[in-house]
$ cat coords.pdb   # PDB, C-alpha atoms and all ligand atoms
ATOM      1  CA  MET E   1       0.000   0.000   0.000
ATOM      2  CA  GLN E   2       1.648   3.209  -1.200
ATOM      3  CA  ASP E   3      -0.094   5.359   1.366
ATOM      4  CA  PHE E   4       0.836   3.119   4.263
ATOM      5  CA  GLU E   5       4.097   4.911   5.125
ATOM      6  CA  ARG E   6       2.131   8.132   5.536
ATOM      7  CA  ALA E   7      -0.562   6.358   7.518
ATOM      8  CA  LYS E   8       2.103   4.797   9.734
ATOM      9  CA  THR E   9       3.435   8.250  10.663
ATOM     10  CA  GLN E  10      -0.107   9.393  11.466
ATOM     11  CA  ILE E  11      -0.792   6.307  13.605
ATOM     12  CA  ILE E  12       2.438   6.789  15.579
ATOM     13  CA  ALA E  13       1.480  10.451  16.169
ATOM     14  CA  ILE E  14      -1.940   9.352  17.513
ATOM     15  CA  MET E  15      -0.254   6.787  19.781
ATOM     16  CA  GLN E  16       2.036   9.534  21.105
ATOM     17  CA  GLN E  17      -0.961  11.774  21.726
ATOM     18  CA  PHE E  18      -2.772   8.971  23.576
ATOM     19  CA  VAL E  19       0.287   8.489  25.779
ATOM     20  CA  ALA E  20       0.675  12.252  26.309
ATOM     21  CA  ASP E  21      -2.990  12.329  27.454
ATOM     22  CA  CYS E  22      -1.872  10.307  30.497
ATOM     23  CA  ARG E  23       0.062  13.428  31.544
ATOM     24  CA  ASN E  24       3.001  11.804  33.234
ATOM     25  CA  GLU E  25       6.637  12.536  32.454
ATOM     26  CA  ILE E  26       7.887   9.082  33.407
ATOM     27  CA  VAL E  27       5.337   7.426  31.137
ATOM     28  CA  ASN E  28       6.328   9.760  28.262
ATOM     29  CA  GLU E  29      10.018   9.017  28.790
ATOM     30  CA  LEU E  30       9.537   5.276  28.951
ATOM     31  CA  PHE E  31       7.285   5.250  25.882
ATOM     32  CA  ALA E  32       9.850   7.301  23.927
ATOM     33  CA  LYS E  33      12.270   4.372  24.328
ATOM     34  CA  THR E  34       9.926   1.945  22.583
ATOM     35  CA  SER E  35       9.804   1.555  18.808
ATOM     36  CA  GLN E  36       7.232   0.322  16.320
ATOM     37  CA  GLY E  37       7.775  -2.588  13.970
ATOM     38  CA  LYS E  38       6.106  -3.332  10.646
ATOM     39  CA  MET E  39       2.645  -2.510  12.031
ATOM     40  CA  LEU E  40       1.076  -5.447  10.174
ATOM     41  CA  ARG E  41      -2.179  -5.174  12.120
ATOM     42  CA  SER E  42      -2.671  -1.539  11.048
ATOM     43  CA  LYS E  43      -1.696  -2.320   7.476
ATOM     44  CA  LEU E  44      -4.335  -5.010   7.401
ATOM     45  CA  LEU E  45      -7.055  -2.941   9.023
ATOM     46  CA  LEU E  46      -6.505  -0.036   6.609
ATOM     47  CA  ALA E  47      -6.263  -2.365   3.598
ATOM     48  CA  VAL E  48      -9.783  -3.539   4.480
ATOM     49  CA  SER E  49     -11.402  -0.313   5.700
ATOM     50  CA  GLY E  50      -9.570   2.378   3.736
ATOM     51  CA  ILE E  51      -8.108   5.433   5.458
ATOM     52  CA  SER E  52     -10.310   7.533   7.731
ATOM     53  CA  GLU E  53      -9.827   9.240  11.074
ATOM     54  CA  GLU E  54     -11.684   6.539  12.986
ATOM     55  CA  ALA E  55      -9.711   3.782  11.212
ATOM     56  CA  LEU E  56      -6.367   5.464  11.999
ATOM     57  CA  LYS E  57      -7.394   5.920  15.652
ATOM     58  CA  LEU E  58      -8.414   2.279  15.866
ATOM     59  CA  CYS E  59      -5.022   1.314  14.413
ATOM     60  CA  ALA E  60      -3.327   3.376  17.152
ATOM     61  CA  ILE E  61      -5.425   1.530  19.772
ATOM     62  CA  ILE E  62      -4.461  -1.865  18.345
ATOM     63  CA  GLU E  63      -0.772  -0.902  18.093
ATOM     64  CA  LEU E  64      -0.809   0.260  21.744
ATOM     65  CA  ILE E  65      -2.204  -3.149  22.714
ATOM     66  CA  GLN E  66       0.452  -4.853  20.573
ATOM     67  CA  SER E  67       3.204  -2.733  22.209
ATOM     68  CA  ALA E  68       1.840  -3.539  25.680
ATOM     69  CA  SER E  69       1.840  -7.257  24.943
ATOM     70  CA  LEU E  70       5.445  -7.152  23.697
ATOM     71  CA  LEU E  71       6.560  -5.196  26.792
ATOM     72  CA  HIS E  72       5.059  -7.928  28.949
ATOM     73  CA  ASP E  73       6.319 -10.695  26.673
ATOM     74  CA  ASP E  74       9.930  -9.479  26.919
ATOM     75  CA  VAL E  75       9.676  -9.612  30.713
ATOM     76  CA  ILE E  76       8.150 -13.101  30.563
ATOM     77  CA  ASP E  77      10.795 -14.324  28.081
ATOM     78  CA  ASN E  78      13.566 -12.471  29.914
ATOM     79  CA  ALA E  79      14.497 -10.964  26.522
ATOM     80  CA  HIS E  80      17.055  -8.160  26.440
ATOM     81  CA  THR E  81      16.849  -7.122  22.821
ATOM     82  CA  ARG E  82      13.936  -6.013  20.664
ATOM     83  CA  ARG E  83      14.285  -4.555  17.141
ATOM     84  CA  ASN E  84      18.066  -4.312  17.444
ATOM     85  CA  SER E  85      17.858  -2.181  20.609
ATOM     86  CA  PRO E  86      17.859  -3.025  24.296
ATOM     87  CA  SER E  87      14.340  -3.972  25.393
ATOM     88  CA  LEU E  88      12.569  -1.703  27.874
ATOM     89  CA  ASN E  89      12.987  -4.274  30.658
ATOM     90  CA  ALA E  90      16.731  -4.353  29.913
ATOM     91  CA  LEU E  91      16.922  -0.543  30.131
ATOM     92  CA  PHE E  92      14.580   0.177  33.033
ATOM     93  CA  GLY E  93      13.906  -3.143  34.717
ATOM     94  CA  ASN E  94      10.914  -5.480  34.740
ATOM     95  CA  LYS E  95       8.713  -3.358  36.992
ATOM     96  CA  ASN E  96       8.790  -0.339  34.685
ATOM     97  CA  ALA E  97       8.253  -2.460  31.573
ATOM     98  CA  ILE E  98       5.213  -4.136  33.128
ATOM     99  CA  MET E  99       3.725  -0.869  34.338
ATOM    100  CA  LEU E 100       4.218   0.927  31.027
ATOM    101  CA  GLY E 101       2.499  -2.068  29.404
ATOM    102  CA  ASP E 102      -0.392  -1.617  31.828
ATOM    103  CA  VAL E 103      -0.711   2.097  31.042
ATOM    104  CA  LEU E 104      -0.705   1.491  27.263
ATOM    105  CA  TYR E 105      -3.160  -1.352  27.598
ATOM    106  CA  ALA E 106      -5.552   0.601  29.861
ATOM    107  CA  LYS E 107      -5.418   3.734  27.692
ATOM    108  CA  ALA E 108      -6.106   1.629  24.597
ATOM    109  CA  PHE E 109      -9.237   0.222  26.252
ATOM    110  CA  PHE E 110     -10.373   3.683  27.314
ATOM    111  CA  GLU E 111     -10.154   4.852  23.684
ATOM    112  CA  LEU E 112     -11.761   1.616  22.459
ATOM    113  CA  SER E 113     -14.830   2.312  24.597
ATOM    114  CA  ALA E 114     -15.774   5.132  22.191
ATOM    115  CA  TYR E 115     -16.234   2.644  19.335
ATOM    116  CA  GLU E 116     -19.336   0.691  18.386
ATOM    117  CA  ARG E 117     -20.059  -2.469  20.337
ATOM    118  CA  ALA E 118     -19.044  -4.949  17.611
ATOM    119  CA  ILE E 119     -15.584  -3.362  17.375
ATOM    120  CA  ALA E 120     -15.117  -3.120  21.142
ATOM    121  CA  LYS E 121     -16.147  -6.772  21.472
ATOM    122  CA  SER E 122     -13.856  -7.969  18.689
ATOM    123  CA  VAL E 123     -10.748  -6.233  20.071
ATOM    124  CA  SER E 124     -11.381  -6.996  23.745
ATOM    125  CA  ASP E 125     -12.119 -10.669  23.022
ATOM    126  CA  SER E 126      -8.894 -10.923  20.989
ATOM    127  CA  VAL E 127      -6.852  -9.480  23.887
ATOM    128  CA  CYS E 128      -8.307 -12.093  26.212
ATOM    129  CA  ARG E 129      -7.346 -14.744  23.665
ATOM    130  CA  LEU E 130      -3.803 -13.463  23.212
ATOM    131  CA  ALA E 131      -3.255 -13.412  26.966
ATOM    132  CA  VAL E 132      -4.557 -17.006  27.180
ATOM    133  CA  GLY E 133      -2.199 -17.884  24.309
ATOM    134  CA  GLU E 134       0.735 -16.424  26.222
ATOM    135  CA  ILE E 135      -0.176 -18.523  29.276
ATOM    136  CA  GLU E 136      -0.263 -21.607  27.022
ATOM    137  CA  ASP E 137       3.152 -20.633  25.605
ATOM    138  CA  VAL E 138       4.622 -20.288  29.117
ATOM    139  CA  PHE E 139       3.170 -23.618  30.283
ATOM    140  CA  MET E 140       4.320 -25.381  27.140
ATOM    141  CA  ALA E 141       7.882 -24.279  27.998
ATOM    142  CA  GLN E 142       7.925 -26.626  30.997
ATOM    143  CA  SER E 143       8.806 -29.561  28.769
ATOM    144  CA  PHE E 144       9.396 -30.200  25.056
ATOM    145  CA  ASN E 145       5.984 -30.103  23.349
ATOM    146  CA  THR E 146       5.611 -32.737  20.643
ATOM    147  CA  ASP E 147       1.950 -31.997  19.873
ATOM    148  CA  LYS E 148       1.557 -30.066  16.594
ATOM    149  CA  MET E 149      -2.110 -29.271  17.237
ATOM    150  CA  ARG E 150      -1.289 -27.747  20.614
ATOM    151  CA  TYR E 151       1.428 -25.605  19.009
ATOM    152  CA  LEU E 152      -0.926 -24.429  16.238
ATOM    153  CA  GLN E 153      -3.708 -23.636  18.722
ATOM    154  CA  MET E 154      -1.260 -21.601  20.776
ATOM    155  CA  CYS E 155      -0.212 -19.657  17.636
ATOM    156  CA  GLU E 156      -3.882 -18.998  16.874
ATOM    157  CA  LEU E 157      -4.393 -17.519  20.333
ATOM    158  CA  LYS E 158      -1.084 -15.765  20.943
ATOM    159  CA  THR E 159      -0.604 -14.242  17.502
ATOM    160  CA  ALA E 160      -3.580 -14.727  15.186
ATOM    161  CA  ALA E 161      -6.240 -13.387  17.586
ATOM    162  CA  LEU E 162      -5.267  -9.697  17.330
ATOM    163  CA  ILE E 163      -4.512  -9.998  13.604
ATOM    164  CA  ALA E 164      -7.957 -11.550  13.012
ATOM    165  CA  ALA E 165      -9.598  -8.791  15.068
ATOM    166  CA  SER E 166      -7.764  -6.121  13.031
ATOM    167  CA  ALA E 167      -9.092  -7.506   9.748
ATOM    168  CA  GLU E 168     -12.562  -8.011  11.267
ATOM    169  CA  CYS E 169     -12.690  -4.441  12.596
ATOM    170  CA  GLY E 170     -11.594  -3.068   9.220
ATOM    171  CA  ALA E 171     -14.543  -4.933   7.695
ATOM    172  CA  ILE E 172     -16.983  -3.673  10.344
ATOM    173  CA  LEU E 173     -15.880  -0.072   9.674
ATOM    174  CA  ALA E 174     -16.343  -0.563   5.932
ATOM    175  CA  GLY E 175     -19.662  -2.436   6.219
ATOM    176  CA  LEU E 176     -18.171  -5.630   4.678
ATOM    177  CA  ASP E 177     -18.745  -9.288   5.613
ATOM    178  CA  SER E 178     -16.685  -9.321   8.828
ATOM    179  CA  GLN E 179     -16.632 -13.130   9.165
ATOM    180  CA  LYS E 180     -14.749 -13.545   5.885
ATOM    181  CA  TYR E 181     -12.122 -11.012   6.914
ATOM    182  CA  ARG E 182     -11.835 -12.492  10.366
ATOM    183  CA  ALA E 183     -11.134 -15.918   8.820
ATOM    184  CA  TYR E 184      -8.581 -14.300   6.523
ATOM    185  CA  GLY E 185      -6.804 -12.639   9.488
ATOM    186  CA  ASN E 186      -6.905 -15.785  11.573
ATOM    187  CA  ASN E 187      -5.223 -17.927   8.911
ATOM    188  CA  LEU E 188      -2.766 -15.171   8.038
ATOM    189  CA  GLY E 189      -1.903 -14.852  11.740
ATOM    190  CA  ILE E 190      -1.144 -18.551  12.168
ATOM    191  CA  ALA E 191       1.027 -18.479   9.033
ATOM    192  CA  PHE E 192       2.748 -15.349  10.405
ATOM    193  CA  GLN E 193       3.733 -17.076  13.658
ATOM    194  CA  ILE E 194       4.996 -20.196  11.852
ATOM    195  CA  ILE E 195       7.179 -18.001   9.616
ATOM    196  CA  ASP E 196       8.373 -16.082  12.713
ATOM    197  CA  ASP E 197       9.441 -19.380  14.247
ATOM    198  CA  VAL E 198      11.205 -20.423  11.033
ATOM    199  CA  LEU E 199      13.074 -17.099  10.866
ATOM    200  CA  ASP E 200      14.365 -17.649  14.423
ATOM    201  CA  ILE E 201      16.300 -20.581  12.913
ATOM    202  CA  THR E 202      17.212 -19.293   9.465
ATOM    203  CA  GLN E 203      18.080 -15.621  10.062
ATOM    204  CA  SER E 204      20.961 -13.804  11.745
ATOM    205  CA  ALA E 205      20.605 -11.843  14.980
ATOM    206  CA  GLU E 206      21.214  -8.641  13.016
ATOM    207  CA  THR E 207      18.318  -9.299  10.639
ATOM    208  CA  LEU E 208      16.008 -10.402  13.437
ATOM    209  CA  GLY E 209      16.909  -7.553  15.784
ATOM    210  CA  LYS E 210      17.179 -10.092  18.645
ATOM    211  CA  PRO E 211      19.349 -13.146  19.316
ATOM    212  CA  ALA E 212      18.981 -15.861  16.661
ATOM    213  CA  MET E 213      18.051 -19.456  17.512
ATOM    214  CA  SER E 214      16.702 -18.419  20.869
ATOM    215  CA  ASP E 215      13.322 -20.210  20.727
ATOM    216  CA  LEU E 216      14.541 -23.631  21.834
ATOM    217  CA  SER E 217      16.633 -22.068  24.635
ATOM    218  CA  GLU E 218      13.545 -20.113  25.758
ATOM    219  CA  GLY E 219      11.650 -23.415  25.976
ATOM    220  CA  LYS E 220       9.701 -22.963  22.746
ATOM    221  CA  SER E 221       9.441 -26.170  20.769
ATOM    222  CA  THR E 222       8.219 -24.573  17.562
ATOM    223  CA  LEU E 223       7.024 -26.396  14.433
ATOM    224  CA  PRO E 224      10.494 -27.096  12.909
ATOM    225  CA  TYR E 225      11.600 -28.699  16.204
ATOM    226  CA  ILE E 226       8.394 -30.723  16.462
ATOM    227  CA  TYR E 227       9.055 -32.075  12.928
ATOM    228  CA  LEU E 228      12.646 -32.845  13.942
ATOM    229  CA  TYR E 229      11.421 -34.753  16.995
ATOM    230  CA  GLU E 230       8.958 -36.754  14.852
ATOM    231  CA  ARG E 231      11.588 -37.670  12.248
ATOM    232  CA  ALA E 232      14.713 -38.187  14.386
ATOM    233  CA  ASN E 233      16.003 -41.585  15.508
ATOM    234  CA  GLU E 234      16.188 -42.378  19.193
ATOM    235  CA  ALA E 235      19.726 -41.055  19.792
ATOM    236  CA  GLN E 236      18.949 -37.861  17.883
ATOM    237  CA  ARG E 237      15.754 -37.397  19.879
ATOM    238  CA  ARG E 238      17.725 -37.674  23.097
ATOM    239  CA  GLU E 239      20.198 -35.063  21.831
ATOM    240  CA  LEU E 240      17.342 -32.739  20.794
ATOM    241  CA  LEU E 241      15.603 -33.054  24.165
ATOM    242  CA  SER E 242      18.883 -32.384  26.002
ATOM    243  CA  LEU E 243      19.132 -29.011  24.203
ATOM    244  CA  PHE E 244      15.663 -27.863  25.267
ATOM    245  CA  GLY E 245      15.591 -24.825  27.571
ATOM    246  CA  ILE E 246      19.363 -24.342  27.870
ATOM    247  CA  PRO E 247      21.732 -21.749  26.350
ATOM    248  CA  LEU E 248      23.248 -23.305  23.217
ATOM    249  CA  SER E 249      26.941 -23.553  22.327
ATOM    250  CA  GLN E 250      27.985 -22.970  18.703
ATOM    251  CA  ALA E 251      28.473 -26.717  18.248
ATOM    252  CA  GLN E 252      24.974 -27.426  19.564
ATOM    253  CA  GLU E 253      23.492 -24.774  17.245
ATOM    254  CA  GLN E 254      25.369 -26.373  14.375
ATOM    255  CA  TRP E 255      24.029 -29.823  15.313
ATOM    256  CA  LEU E 256      20.484 -28.452  15.298
ATOM    257  CA  ARG E 257      20.893 -26.699  11.943
ATOM    258  CA  GLU E 258      22.316 -29.837  10.318
ATOM    259  CA  HIS E 259      19.548 -32.081  11.588
ATOM    260  CA  LEU E 260      16.767 -29.615  10.858
ATOM    261  CA  GLN E 261      18.066 -29.506   7.307
ATOM    262  CA  MET E 262      18.585 -33.265   7.023
ATOM    263  CA  TYR E 263      14.911 -33.874   7.860
ATOM    264  CA  HIS E 264      13.514 -30.906   5.819
ATOM    265  CA  CYS E 265      11.983 -29.436   8.954
ATOM    266  CA  VAL E 266      12.269 -25.773   7.901
ATOM    267  CA  GLN E 267      11.045 -26.511   4.389
ATOM    268  CA  ASP E 268       7.995 -28.385   5.670
ATOM    269  CA  SER E 269       7.206 -25.675   8.236
ATOM    270  CA  ILE E 270       7.181 -23.111   5.410
ATOM    271  CA  ALA E 271       4.885 -25.452   3.463
ATOM    272  CA  LYS E 272       2.530 -25.565   6.472
ATOM    273  CA  ALA E 273       2.558 -21.741   6.663
ATOM    274  CA  ARG E 274       1.708 -21.676   2.940
ATOM    275  CA  GLU E 275      -1.316 -23.911   3.595
ATOM    276  CA  TYR E 276      -2.636 -21.373   6.101
ATOM    277  CA  ALA E 277      -1.802 -18.543   3.687
ATOM    278  CA  LEU E 278      -3.848 -20.251   0.966
ATOM    279  CA  SER E 279      -6.776 -20.670   3.375
ATOM    280  CA  ALA E 280      -6.487 -16.949   4.147
ATOM    281  CA  LEU E 281      -6.711 -16.121   0.440
ATOM    282  CA  ASP E 282      -9.581 -18.542   0.041
ATOM    283  CA  SER E 283     -11.667 -16.726   2.661
ATOM    284  CA  ILE E 284     -11.615 -13.449   0.718
ATOM    285  CA  GLN E 285     -11.381 -14.695  -2.849
ATOM    286  CA  ASP E 286     -14.660 -13.064  -3.927
ATOM    287  CA  GLU E 287     -13.869  -9.730  -2.295
ATOM    288  CA  GLY E 288     -11.509  -8.461  -5.015
ATOM    289  CA  ASN E 289      -9.023  -6.843  -2.628
ATOM    290  CA  THR E 290      -5.579  -7.211  -4.226
ATOM    291  CA  GLN E 291      -3.825  -5.459  -1.313
ATOM    292  CA  LEU E 292      -4.823  -8.311   0.980
ATOM    293  CA  SER E 293      -3.374 -10.900  -1.414
ATOM    294  CA  LYS E 294      -0.111  -8.937  -1.528
ATOM    295  CA  ILE E 295       0.038  -8.814   2.278
ATOM    296  CA  VAL E 296      -0.214 -12.624   2.381
ATOM    297  CA  GLN E 297       2.509 -13.047  -0.229
ATOM    298  CA  ASN E 298       4.890 -10.558   1.423
ATOM    299  CA  MET E 299       4.327 -12.180   4.794
ATOM    300  CA  ILE E 300       5.332 -15.633   3.514
ATOM    301  CA  GLU E 301       8.364 -14.267   1.676
ATOM    302  CA  ARG E 302       9.561 -11.956   4.465
ATOM    303  CA  GLU E 303      13.028 -12.304   5.957
ATOM    304  CA  PHE E 304      12.432 -10.592   9.291
TER     305      PHE E 304
HETATM  306  C1  LIG E 401       5.323 -12.627  21.279
HETATM  307  O1  LIG E 401       5.634 -13.971  21.210
HETATM  308  C2  LIG E 401       4.120 -12.407  22.182
HETATM  309  C3  LIG E 401       2.840 -12.311  21.822
HETATM  310  C4  LIG E 401       2.453 -12.401  20.388
HETATM  311  C5  LIG E 401       1.722 -12.105  22.803
HETATM  312  C6  LIG E 401       2.108 -11.700  24.190
HETATM  313  C7  LIG E 401       0.904 -11.512  25.071
HETATM  314  C8  LIG E 401       0.916 -11.181  26.381
HETATM  315  C9  LIG E 401       2.187 -10.961  27.122
HETATM  316  C10 LIG E 401      -0.358 -11.051  27.149
HETATM  317  C11 LIG E 401      -1.167  -9.803  26.844
HETATM  318  C12 LIG E 401      -0.860  -8.627  27.650
HETATM  319  C13 LIG E 401      -1.360  -7.351  27.449
HETATM  320  C14 LIG E 401      -1.010  -6.269  28.387
HETATM  321  C15 LIG E 401      -2.221  -6.994  26.297
HETATM  322  P1  LIG E 401       7.128 -14.493  21.028
HETATM  323  O2  LIG E 401       7.832 -14.447  22.329
HETATM  324  O3  LIG E 401       7.044 -15.810  20.337
HETATM  325  O4  LIG E 401       7.748 -13.463  19.990
HETATM  326  P2  LIG E 401       9.081 -12.591  20.092
HETATM  327  O5  LIG E 401      10.164 -13.487  19.626
HETATM  328  O6  LIG E 401       8.840 -11.417  19.166
HETATM  329  O7  LIG E 401       9.275 -12.174  21.508
HETATM  330 MG    MG E 402       9.144 -13.226  23.231
END
$ encode --input "coords.pdb" --output "structure tokens"
Amino acid sequence: MQDFERAKTQIIAIMQQFVADCRNEIVNELFAKTSQGKMLRSKLLLAVSGISEEALKLCAIIELIQSASLLHDDVIDNAHTRRNSPSLNALFGNKNAIMLGDVLYAKAFFELSAYERAIAKSVSDSVCRLAVGEIEDVFMAQSFNTDKMRYLQMCELKTAALIAASAECGAILAGLDSQKYRAYGNNLGIAFQIIDDVLDITQSAETLGKPAMSDLSEGKSTLPYIYLYERANEAQRRELLSLFGIPLSQAQEQWLREHLQMYHCVQDSIAKAREYALSALDSIQDEGNTQLSKIVQNMIEREF
């Protein structure tokens, strides 16, 4: 979307205004240290609804919720880097990161309350789902998860919920069939998380803006590792399980890369993401929105 760069600047300005409304210097200072990423959720919402003041404001609300969830997630994951910069918890400690998350989250809900009921319900339900997804993610880190369905359900909650709500809300604003767009966002969101988990393995720390190959150390047995577990022999399985939840040496990383490649685990994970991407396209095939098809394609082909 050509106009998206302009829209992005406008959305960030609205987010800053929302934060400034809280009238607290500490909050302003902490927020100034955060940065925005690709803003996929806003891109999606605007690609469905078109640009208007209420759509841009709703994007700012959704991006504040997304920022809040990442502030909390970095505390939960004990992550010290986000988008090639120190995370807020690394700079100011866990307490400040959690509280800034709370302020952003609460302000977003205050602004959301001005919207029609269907929109307020869609966004608030998705936040409940993403928080449940995060709990699932944390519990799944207790031991190596070998259950693909459980992993995919967690991705649907943790990541797809807010993406689905963004597409749904765009449709509600534009008076379109919101169920179709919700299904599109849901499938796109699952594909997005699978690709995210693939990139953790295939990309460098510099490209990712955070340490590479950190998922397994953080206790996340993502789809490529589940495939590896399914396909490995007994000795290899033992080796894989011994690497779960510990910091990896270079030799251990190398072992993982070799075996993931040997059993086509990355390739097949990308194929699974493509299946979800095709389902996403299927949901909106009669809607004639080429921007949404491009978003799916770019998401699958992305490198960070
Ligand atoms: C990133 O996952 C995390 C999420 C997509 C959701 C996090 C949700 C919460 C912490 C609960 C909601 C809280 C509020 C205040 C709305 P990841 O760790 O796999 O991705 P990463 O590698 O980018 O950290
Ligand atoms: Mg994380």
$ resolve_selection --input "coords.pdb" --expression "the PyMOL selection byres (((chain E and resi 180) around 10) and not hetatm)" --output "ChimeraX atom specification"
/E:167-168,171,176-179,181-186,280,282-287
$ resolve_selection --input "coords.pdb" --expression "the PyMOL selection byres (((not hetatm)) within 6 of (chain E and resi 401))" --output "list in words"
Ile65, Ala68, Ser69, Leu70, His72, Asp73, Gly101, Asp102, Tyr105, Val127, Leu130, Ala131, Glu134, Lys158 and Thr159 of chain E
$ resolve_selection --input "coords.pdb" --expression "the PyMOL selection byres (((not hetatm)) within 10 of (chain E and resi 402))" --output "JSON, numbers by chain"
{"E": [69, 70, 71, 72, 73, 74, 75, 76, 77, 78, 79, 80, 81, 82, 134, 137, 210, 214, 215, 218, 220]}
$ residues_around --input "coords.pdb" --residues "range 259-271 of chain E" --least-positions-apart "3" --cutoff "12 Å" --atoms "only C-alpha atoms" --output "ChimeraX atom specification"
/E:148,152,190-203,222-233,236-237,239-240,252-256,274-278,299-302
$ closest_residue --input "coords.pdb" --among "E:Ser122, E:Asn145, E:Thr207, E:Ser67" --to "Ile98 in chain E" --atoms "only C-alpha atoms"
E:Ser67
$ decode --input "coords.pdb" --residues "range 40-65 of chain E" --atoms "C-alpha atoms" --output "PDB file, in the first residue's frame"
ATOM      1  CA  LEU E  40       1.076  -5.447  10.174  1.00  0.00           C
ATOM      2  CA  ARG E  41      -2.179  -5.174  12.120  1.00  0.00           C
ATOM      3  CA  SER E  42      -2.671  -1.539  11.048  1.00  0.00           C
ATOM      4  CA  LYS E  43      -1.696  -2.320   7.476  1.00  0.00           C
ATOM      5  CA  LEU E  44      -4.335  -5.010   7.401  1.00  0.00           C
ATOM      6  CA  LEU E  45      -7.055  -2.941   9.023  1.00  0.00           C
ATOM      7  CA  LEU E  46      -6.505  -0.036   6.609  1.00  0.00           C
ATOM      8  CA  ALA E  47      -6.263  -2.365   3.598  1.00  0.00           C
ATOM      9  CA  VAL E  48      -9.783  -3.539   4.480  1.00  0.00           C
ATOM     10  CA  SER E  49     -11.402  -0.313   5.700  1.00  0.00           C
ATOM     11  CA  GLY E  50      -9.570   2.378   3.736  1.00  0.00           C
ATOM     12  CA  ILE E  51      -8.108   5.433   5.458  1.00  0.00           C
ATOM     13  CA  SER E  52     -10.310   7.533   7.731  1.00  0.00           C
ATOM     14  CA  GLU E  53      -9.827   9.240  11.074  1.00  0.00           C
ATOM     15  CA  GLU E  54     -11.684   6.539  12.986  1.00  0.00           C
ATOM     16  CA  ALA E  55      -9.711   3.782  11.212  1.00  0.00           C
ATOM     17  CA  LEU E  56      -6.367   5.464  11.999  1.00  0.00           C
ATOM     18  CA  LYS E  57      -7.394   5.920  15.652  1.00  0.00           C
ATOM     19  CA  LEU E  58      -8.414   2.279  15.866  1.00  0.00           C
ATOM     20  CA  CYS E  59      -5.022   1.314  14.413  1.00  0.00           C
ATOM     21  CA  ALA E  60      -3.327   3.376  17.152  1.00  0.00           C
ATOM     22  CA  ILE E  61      -5.425   1.530  19.772  1.00  0.00           C
ATOM     23  CA  ILE E  62      -4.461  -1.865  18.345  1.00  0.00           C
ATOM     24  CA  GLU E  63      -0.772  -0.902  18.093  1.00  0.00           C
ATOM     25  CA  LEU E  64      -0.809   0.260  21.744  1.00  0.00           C
ATOM     26  CA  ILE E  65      -2.204  -3.149  22.714  1.00  0.00           C
TER      27      ILE E  65
END
